[in-house]
Amino acid sequence: MSTNKYIMEAQDVHKSYRMGQTQVRVLKGVNLKINPGEFTAIIGASGSGKSTLLHILGALDRPDKGTVRFRGDDLATQSGRQMNRFRNRTVGFVFQFYHLLDELNVLENVLLPKMAGKSFAGWLVCRRAAKNRAKELLSQFGLSQRVRHKPYQLSGGERQRAAIARALMNEPEILLADEPTGNLDSKTGNGILEVLERLNGTGQTIVIVTHDERIAARAGRVIRLADGIIRQEK
Amino acid sequence: MYKFTLSIRYLIRRPISYFAVAAVALCVFVVFVVITVLTGLSRDFKQKVYLSTGDCVVYTKSLVGFGYYDEFIDILRRQSFIEAATPVVRNYGLVSVTETGGLDAYGQSVREIAGIEPVSLSRVTGFGQWIDYHKNDVADVFRPAYDANLPGCVPGIDFLFQRDQQGLYHTPGRAVRAAFEISCVPLTAKGALARAGAGELNSKTFYYSDHFEAGYSLDRRLIFLPLDDAQLLCGMATGYKRITHIHIKFKSAVPLNRGTEQVKKLWGDFIATKAGAPYENLLSEVQVQSWKEFSKVIVALVETQQTMMIVCFALIGMITVFIVLVVFYMIVSHKSKDIGILKSVGASGFNIMSVFLNFAFLIGLSGSAVGVLAGWPFLVYINQIFRFFNFRLWDPQTTSIGAIPNTIDLTVLGTITLCAIGASVLGAILPSLRASRINCVDTLQVAQL
């Protein structure tokens, strides 16, 4: 068992993409340490590499260079199976455009991480408890009446709350949110931030990516990303 | 669990998947109908050939025939695995119609003649069912009803009557007086002309006592005569009596190959006891074959046609594979966001592939179900449907096939269904593989939405 005090640590992370004939260097050596229970906001202009950094922290993408450690374990040394497990159990993602599956209802969307992490037999064993947990989360987020609704029947705020419930389904150690209010009006966005603050209040580690200073101001710690490197931290 | 749920939802909610289901259903329908009809035609034909042959034949290709057949038939009849055995003389004769009796037969023609013992032949073959007026008294089949003292003959129905447009024969319902002079070239046991310099032909007039309908070309080319008369006509009756064929039927539980092998052994033992006997050389030309070997030329033709048609229609399956492939490429392209979401919650590439392969399986299954549900009643009523639309697959006036065969074989049905599902899954493999390799970051980027 690692005794590393940081829940997540990025060291000299580089990432570049090919766009047509040109190679675009998005991250140029990012160093970052996240403490357990922290509410961290990564702020930067569009194209500054903040979403890319979030994807790398959540093992959706791999850095070209540098290391990302979760509780001291280098993610680069993990097998594909372990990375899937990591995405399933350790992190929860919230996206700007909610990314709910249109074919599933709200309850099924929230149950998705639990179903993805279980075999058919394993799911049969745990499904009752899983459904209770999902309903409890939906209740917490004021969606009790929307359980059987399809995503297209919900408002933007409701969809994002459903997406947060999905991200929390497997009780992840860290919640990664990519512009969670970017597609919402200020009032609804504020409601989402309150939800995140409440979660952080219960000890949930949260990393949020935003380009909005006012939203970043609600986080306990703000990291400013510009031109692929961290320029400022407070 | 989500794999099954998503597969079912994709099937129900994606209209494009209905095209894939329709493609599979159409393919299953066509192949099911065609293979059922072709298999039925082939099976019916083989059954007709079998009914004209029995299980096993001891025969010679020589027109001279072979002797000592009574002794061998006695041996056969004592065997526990033999149900019945019967001697037959097969030869060719010139048939001249001397009295038409109002029938369609006229003129002269060369036909095959078969000298038979009607009772024992009906125990070995379908002869007893083929005849018309003497089904209940086969022994009297060669006694014309209008004069029992006249020598009778049983020509094939197609020799005497013509079909109407529905393919039906209109027989008079009783034997009418019609006479046929049959002439054969008699050969001695040495193969020489028995009547050299004395007209060379043996002729006798026979009277129409009944006709037979075997349901294939025999009806056109064969005339049954009493065995003794056929032997006389062919020069096989004097001194050293000969025949050309012994037809044998095994007991029902006896496998064809085992029974045939036992007859071969019996024949080998039998000719060994005839070493040095007169005309023993004729015995060495005798072959023992199962009915399948004996009829392989005619059966192989039908089977080859059947195989070629099945292969042609199996190519339709390739089209289905291609349609499913195209549909799945489109679906995977539309569902790239879903793939990204699934990967973000920990689904592996294999899991993603499983979602789409399950989906393909469901398309194959539902397409097969639709195809079978449409094909089954179509086959059951195929004859009525074709009659209603006055559509003919063949000319009933020239073909001895009555109805379109429509007996549904569950093994064929199961095989078609499995192949359809397999084709569906096969068509989905490449798109599913592509789905499993999609980079979730690319699909979840705002710019991609």
# chains A, B, ... in the order shown; residues from 1 in each chain; ligands from 1
>>> closest_atom_pairs(of="chain B", to="chain A", cutoff="9 Å", atoms="only C-alpha atoms", output="Markdown table")
| residue | atom | partner | partner_atom | distance |
| --- | --- | --- | --- | --- |
| B:Met1 | CA | A:Phe120 | CA | 5.4 |
| B:Tyr2 | CA | A:Met115 | CA | 6.0 |
| B:Lys3 | CA | A:Ala116 | CA | 8.5 |
| B:Thr5 | CA | A:Leu104 | CA | 8.3 |
| B:Leu6 | CA | A:Glu103 | CA | 7.0 |
| B:Arg9 | CA | A:Glu103 | CA | 6.0 |
| B:Tyr10 | CA | A:Glu103 | CA | 7.2 |
| B:Arg13 | CA | A:Glu103 | CA | 7.5 |
| B:Lys337 | CA | A:His99 | CA | 7.6 |
| B:Asp338 | CA | A:Leu101 | CA | 6.2 |
| B:Gly340 | CA | A:His99 | CA | 8.9 |
| B:Ile341 | CA | A:His99 | CA | 6.5 |
| B:Leu342 | CA | A:Ala116 | CA | 7.8 |
| B:Lys343 | CA | A:Asn84 | CA | 7.6 |
| B:Ser344 | CA | A:Arg87 | CA | 6.3 |
| B:Val345 | CA | A:Asn88 | CA | 4.9 |
| B:Gly346 | CA | A:Asn88 | CA | 4.2 |
| B:Ala347 | CA | A:Ala116 | CA | 5.6 |
| B:Ser348 | CA | A:Asn84 | CA | 6.2 |
| B:Asn351 | CA | A:Ala116 | CA | 8.4 |
| B:Asn439 | CA | A:Asp61 | CA | 8.5 |
| B:Cys440 | CA | A:Leu60 | CA | 7.0 |
| B:Val441 | CA | A:Leu60 | CA | 6.4 |
| B:Leu444 | CA | A:His99 | CA | 8.0 |
| B:Gln445 | CA | A:Ser51 | CA | 8.7 |
| B:Val446 | CA | A:Phe97 | CA | 7.8 |
| B:Leu449 | CA | A:Phe97 | CA | 8.8 |
>>> write_last_selection(atoms="N, CA, C and O atoms", output="mmCIF file, in the first residue's frame")
data_model
loop_
_atom_site.group_PDB
_atom_site.id
_atom_site.type_symbol
_atom_site.label_atom_id
_atom_site.label_comp_id
_atom_site.auth_asym_id
_atom_site.auth_seq_id
_atom_site.Cartn_x
_atom_site.Cartn_y
_atom_site.Cartn_z
ATOM 1 N N MET B 1 -24.313 -6.567 -18.476
ATOM 2 C CA MET B 1 -25.758 -6.377 -18.602
ATOM 3 C C MET B 1 -26.096 -5.250 -19.576
ATOM 4 O O MET B 1 -26.994 -5.365 -20.406
ATOM 5 N N TYR B 2 -25.303 -4.156 -19.480
ATOM 6 C CA TYR B 2 -25.581 -3.008 -20.354
ATOM 7 C C TYR B 2 -25.408 -3.379 -21.819
ATOM 8 O O TYR B 2 -26.003 -2.771 -22.704
ATOM 9 N N LYS B 3 -24.552 -4.412 -22.041
ATOM 10 C CA LYS B 3 -24.311 -4.828 -23.430
ATOM 11 C C LYS B 3 -25.609 -5.333 -24.059
ATOM 12 O O LYS B 3 -25.939 -5.000 -25.191
ATOM 13 N N THR B 5 -28.692 -4.739 -22.876
ATOM 14 C CA THR B 5 -29.680 -3.649 -22.884
ATOM 15 C C THR B 5 -29.450 -2.724 -24.075
ATOM 16 O O THR B 5 -30.375 -2.413 -24.823
ATOM 17 N N LEU B 6 -28.180 -2.329 -24.248
ATOM 18 C CA LEU B 6 -27.889 -1.398 -25.346
ATOM 19 C C LEU B 6 -28.147 -2.036 -26.705
ATOM 20 O O LEU B 6 -28.676 -1.394 -27.608
ATOM 21 N N ARG B 9 -31.806 -1.986 -27.324
ATOM 22 C CA ARG B 9 -32.292 -0.617 -27.578
ATOM 23 C C ARG B 9 -31.856 -0.131 -28.958
ATOM 24 O O ARG B 9 -32.620 0.527 -29.662
ATOM 25 N N TYR B 10 -30.610 -0.445 -29.336
ATOM 26 C CA TYR B 10 -30.144 -0.047 -30.672
ATOM 27 C C TYR B 10 -31.032 -0.680 -31.741
ATOM 28 O O TYR B 10 -31.377 -0.045 -32.732
ATOM 29 N N ARG B 13 -34.532 1.102 -31.497
ATOM 30 C CA ARG B 13 -34.602 2.557 -31.689
ATOM 31 C C ARG B 13 -33.930 3.068 -32.945
ATOM 32 O O ARG B 13 -34.133 4.212 -33.326
ATOM 33 N N LYS B 337 -20.083 8.690 -30.046
ATOM 34 C CA LYS B 337 -20.166 9.369 -28.749
ATOM 35 C C LYS B 337 -20.476 8.344 -27.646
ATOM 36 O O LYS B 337 -19.869 8.369 -26.579
ATOM 37 N N ASP B 338 -21.421 7.431 -27.961
ATOM 38 C CA ASP B 338 -21.770 6.386 -26.988
ATOM 39 C C ASP B 338 -20.545 5.549 -26.629
ATOM 40 O O ASP B 338 -20.340 5.172 -25.467
ATOM 41 N N GLY B 340 -17.433 6.489 -26.713
ATOM 42 C CA GLY B 340 -16.592 7.289 -25.829
ATOM 43 C C GLY B 340 -17.118 7.287 -24.401
ATOM 44 O O GLY B 340 -16.350 7.141 -23.437
ATOM 45 N N ILE B 341 -18.421 7.436 -24.259
ATOM 46 C CA ILE B 341 -19.025 7.451 -22.908
ATOM 47 C C ILE B 341 -18.770 6.110 -22.213
ATOM 48 O O ILE B 341 -18.365 6.061 -21.039
ATOM 49 N N LEU B 342 -19.002 5.033 -22.950
ATOM 50 C CA LEU B 342 -18.818 3.704 -22.356
ATOM 51 C C LEU B 342 -17.372 3.504 -21.918
ATOM 52 O O LEU B 342 -17.094 2.971 -20.834
ATOM 53 N N LYS B 343 -16.443 3.950 -22.768
ATOM 54 C CA LYS B 343 -15.033 3.801 -22.386
ATOM 55 C C LYS B 343 -14.699 4.668 -21.170
ATOM 56 O O LYS B 343 -13.891 4.290 -20.325
ATOM 57 N N SER B 344 -15.337 5.848 -21.084
ATOM 58 C CA SER B 344 -15.043 6.730 -19.951
ATOM 59 C C SER B 344 -15.540 6.150 -18.630
ATOM 60 O O SER B 344 -15.056 6.522 -17.570
ATOM 61 N N VAL B 345 -16.505 5.229 -18.689
ATOM 62 C CA VAL B 345 -16.958 4.609 -17.427
ATOM 63 C C VAL B 345 -16.319 3.232 -17.234
ATOM 64 O O VAL B 345 -16.743 2.461 -16.384
ATOM 65 N N GLY B 346 -15.295 2.939 -18.059
ATOM 66 C CA GLY B 346 -14.502 1.743 -17.797
ATOM 67 C C GLY B 346 -14.763 0.557 -18.700
ATOM 68 O O GLY B 346 -14.213 -0.522 -18.467
ATOM 69 N N ALA B 347 -15.592 0.730 -19.739
ATOM 70 C CA ALA B 347 -15.829 -0.400 -20.647
ATOM 71 C C ALA B 347 -14.579 -0.653 -21.480
ATOM 72 O O ALA B 347 -13.936 0.293 -21.939
ATOM 73 N N SER B 348 -14.230 -1.914 -21.651
ATOM 74 C CA SER B 348 -13.042 -2.257 -22.439
ATOM 75 C C SER B 348 -13.409 -2.293 -23.923
ATOM 76 O O SER B 348 -14.585 -2.291 -24.295
ATOM 77 N N ASN B 351 -15.577 -5.152 -24.564
ATOM 78 C CA ASN B 351 -16.976 -4.905 -24.185
ATOM 79 C C ASN B 351 -17.713 -4.118 -25.269
ATOM 80 O O ASN B 351 -18.862 -4.400 -25.576
ATOM 81 N N ASN B 439 -10.872 6.042 -30.269
ATOM 82 C CA ASN B 439 -10.270 6.768 -29.151
ATOM 83 C C ASN B 439 -11.351 7.635 -28.504
ATOM 84 O O ASN B 439 -11.904 8.531 -29.146
ATOM 85 N N CYS B 440 -11.624 7.352 -27.230
ATOM 86 C CA CYS B 440 -12.756 8.027 -26.599
ATOM 87 C C CYS B 440 -12.531 9.527 -26.474
ATOM 88 O O CYS B 440 -13.470 10.316 -26.522
ATOM 89 N N VAL B 441 -11.281 9.947 -26.356
ATOM 90 C CA VAL B 441 -11.008 11.389 -26.238
ATOM 91 C C VAL B 441 -11.468 12.114 -27.506
ATOM 92 O O VAL B 441 -12.068 13.186 -27.450
ATOM 93 N N LEU B 444 -15.311 12.427 -27.478
ATOM 94 C CA LEU B 444 -15.935 13.217 -26.411
ATOM 95 C C LEU B 444 -15.559 14.689 -26.474
ATOM 96 O O LEU B 444 -16.072 15.497 -25.703
ATOM 97 N N GLN B 445 -14.646 15.020 -27.400
ATOM 98 C CA GLN B 445 -14.255 16.426 -27.515
ATOM 99 C C GLN B 445 -15.440 17.273 -27.981
ATOM 100 O O GLN B 445 -16.246 16.816 -28.798
ATOM 101 N N VAL B 446 -15.496 18.452 -27.484
ATOM 102 C CA VAL B 446 -16.588 19.352 -27.843
ATOM 103 C C VAL B 446 -16.631 19.562 -29.355
ATOM 104 O O VAL B 446 -17.692 19.576 -29.971
ATOM 105 N N LEU B 449 -18.754 17.196 -31.424
ATOM 106 C CA LEU B 449 -20.188 17.051 -31.171
ATOM 107 C C LEU B 449 -21.009 17.825 -32.183
ATOM 108 O O LEU B 449 -20.539 18.744 -32.796
#
>>> select_by_dssp(residues="region 157-343 of chain B", states="strand (DSSP E or B)", output="ChimeraX atom specification")
/B:163,169,179-184,187,193,202-208,212,222-226,243,245-250,287-290
>>> residues_around(residues="Leu150 (chain B)", least_positions_apart="2", cutoff="12 Å", atoms="only C-alpha atoms", output="PyMOL selection string")
chain B and resi 140-148+152-153+177-180+204-209
>>> select_by_dssp(residues="region 176-410 of chain B", states="alpha helix (DSSP H)", output="PyMOL selection string")
chain B and resi 218-221+227-234+256-273+280-284+291-294+296-334+336-344+349-380+382-388+410
>>> closest_residue(among="A:Asp74, A:Asp12, A:Glu171, A:Glu158", to="Val195 (chain A)", atoms="only C-alpha atoms")
A:Glu158
>>> residues_around(residues="Ile157 (chain B)", least_positions_apart="3", cutoff="10 Å", atoms="only C-alpha atoms", output="PyMOL selection string")
chain B and resi 130-132+154+160-163+169+171+210-215+218-223
>>> atom_distance(atom1="CA of Ile385 (chain B)", atom2="CA of Thr36 (chain B)")
16.1 Å
>>> residues_around(residues="region 324-327 of chain B", least_positions_apart="4", cutoff="7 Å", atoms="only C-alpha atoms", output="tab-separated table (two decimals) with all heavy atoms, in the first residue's frame")
chain	number	residue	atom	x	y	z
B	16	ILE	N	-32.32	2.40	-38.95
B	16	ILE	CA	-31.44	1.81	-39.95
B	16	ILE	C	-31.26	0.30	-39.71
B	16	ILE	O	-31.04	-0.47	-40.65
B	16	ILE	CB	-30.07	2.54	-39.97
B	16	ILE	CG1	-29.33	2.19	-41.25
B	16	ILE	CG2	-29.24	2.22	-38.76
B	16	ILE	CD1	-28.12	3.04	-41.51
B	20	ALA	N	-31.26	-3.72	-41.99
B	20	ALA	CA	-30.43	-4.92	-41.83
B	20	ALA	C	-31.31	-6.13	-41.53
B	20	ALA	O	-31.11	-7.22	-42.08
B	20	ALA	CB	-29.41	-4.71	-40.71
B	320	THR	N	-26.00	-10.40	-47.80
B	320	THR	CA	-26.45	-10.05	-46.45
B	320	THR	C	-25.27	-9.60	-45.60
B	320	THR	O	-25.36	-8.60	-44.88
B	320	THR	CB	-27.13	-11.27	-45.80
B	320	THR	OG1	-28.13	-11.73	-46.67
B	320	THR	CG2	-27.73	-10.91	-44.46
B	331	ILE	N	-23.82	2.71	-38.31
B	331	ILE	CA	-24.25	2.78	-36.90
B	331	ILE	C	-23.08	3.13	-36.00
B	331	ILE	O	-23.20	3.98	-35.10
B	331	ILE	CB	-24.89	1.43	-36.49
B	331	ILE	CG1	-26.25	1.27	-37.17
B	331	ILE	CG2	-25.05	1.34	-34.97
B	331	ILE	CD1	-26.89	-0.08	-37.01
B	424	SER	N	-24.73	-12.47	-40.20
B	424	SER	CA	-24.96	-11.16	-39.57
B	424	SER	C	-23.78	-10.78	-38.69
B	424	SER	O	-23.27	-9.65	-38.76
B	424	SER	CB	-26.21	-11.28	-38.71
B	424	SER	OG	-27.04	-10.23	-38.93
B	427	GLY	N	-20.71	-10.03	-40.75
B	427	GLY	CA	-20.76	-8.70	-41.35
B	427	GLY	C	-20.45	-7.60	-40.35
B	427	GLY	O	-20.00	-6.52	-40.72
B	428	ALA	N	-20.69	-7.88	-39.06
B	428	ALA	CA	-20.51	-6.85	-38.03
B	428	ALA	C	-19.11	-6.86	-37.42
B	428	ALA	O	-18.77	-5.97	-36.64
B	428	ALA	CB	-21.55	-7.04	-36.93
B	431	PRO	N	-16.81	-3.61	-38.46
B	431	PRO	CA	-17.27	-2.37	-37.80
B	431	PRO	C	-17.13	-2.44	-36.27
B	431	PRO	O	-16.79	-1.44	-35.63
B	431	PRO	CB	-18.74	-2.28	-38.21
B	431	PRO	CG	-18.87	-3.10	-39.43
B	431	PRO	CD	-17.85	-4.19	-39.31
>>> atom_distance(atom1="CA of Glu285 (chain B)", atom2="CA of Glu303 (chain B)")
28.7 Å
>>> atom_distance(atom1="CA of His149 (chain A)", atom2="CA of Val106 (chain A)")
5.8 Å
>>> residues_around(residues="Lys135 (chain A)", least_positions_apart="6", cutoff="8 Å", atoms="only C-alpha atoms", output="PyMOL selection string")
chain A and resi 107+144+147
>>> residues_around(residues="region 64-69 of chain A", least_positions_apart="2", cutoff="6 Å", atoms="only C-alpha atoms", output="VMD selection string")
chain A and resid 8 to 15 72 to 75
>>> write_last_selection(atoms="C-alpha atoms", output="JSON list (two decimals), in the first residue's frame")
[["chain", "number", "residue", "atom", "x", "y", "z"],
["A", 8, "MET", "CA", -2.92, 12.38, -7.80],
["A", 9, "GLU", "CA", 0.35, 13.68, -9.13],
["A", 10, "ALA", "CA", 1.43, 14.76, -12.62],
["A", 11, "GLN", "CA", 5.11, 15.26, -13.37],
["A", 12, "ASP", "CA", 6.48, 16.93, -16.49],
["A", 13, "VAL", "CA", 3.47, 15.90, -18.57],
["A", 14, "HIS", "CA", 3.75, 16.57, -22.30],
["A", 15, "LYS", "CA", 1.11, 15.98, -24.91],
["A", 72, "GLY", "CA", 1.91, 6.87, -5.95],
["A", 73, "ASP", "CA", 1.22, 4.28, -8.65],
["A", 74, "ASP", "CA", 2.36, 5.24, -12.14],
["A", 75, "LEU", "CA", -0.62, 4.92, -14.48]]
>>> closest_residue(among="B:Ile248, B:Leu187, B:Ile421, B:Ile310", to="Leu357 (chain B)", atoms="only C-alpha atoms")
B:Ile421
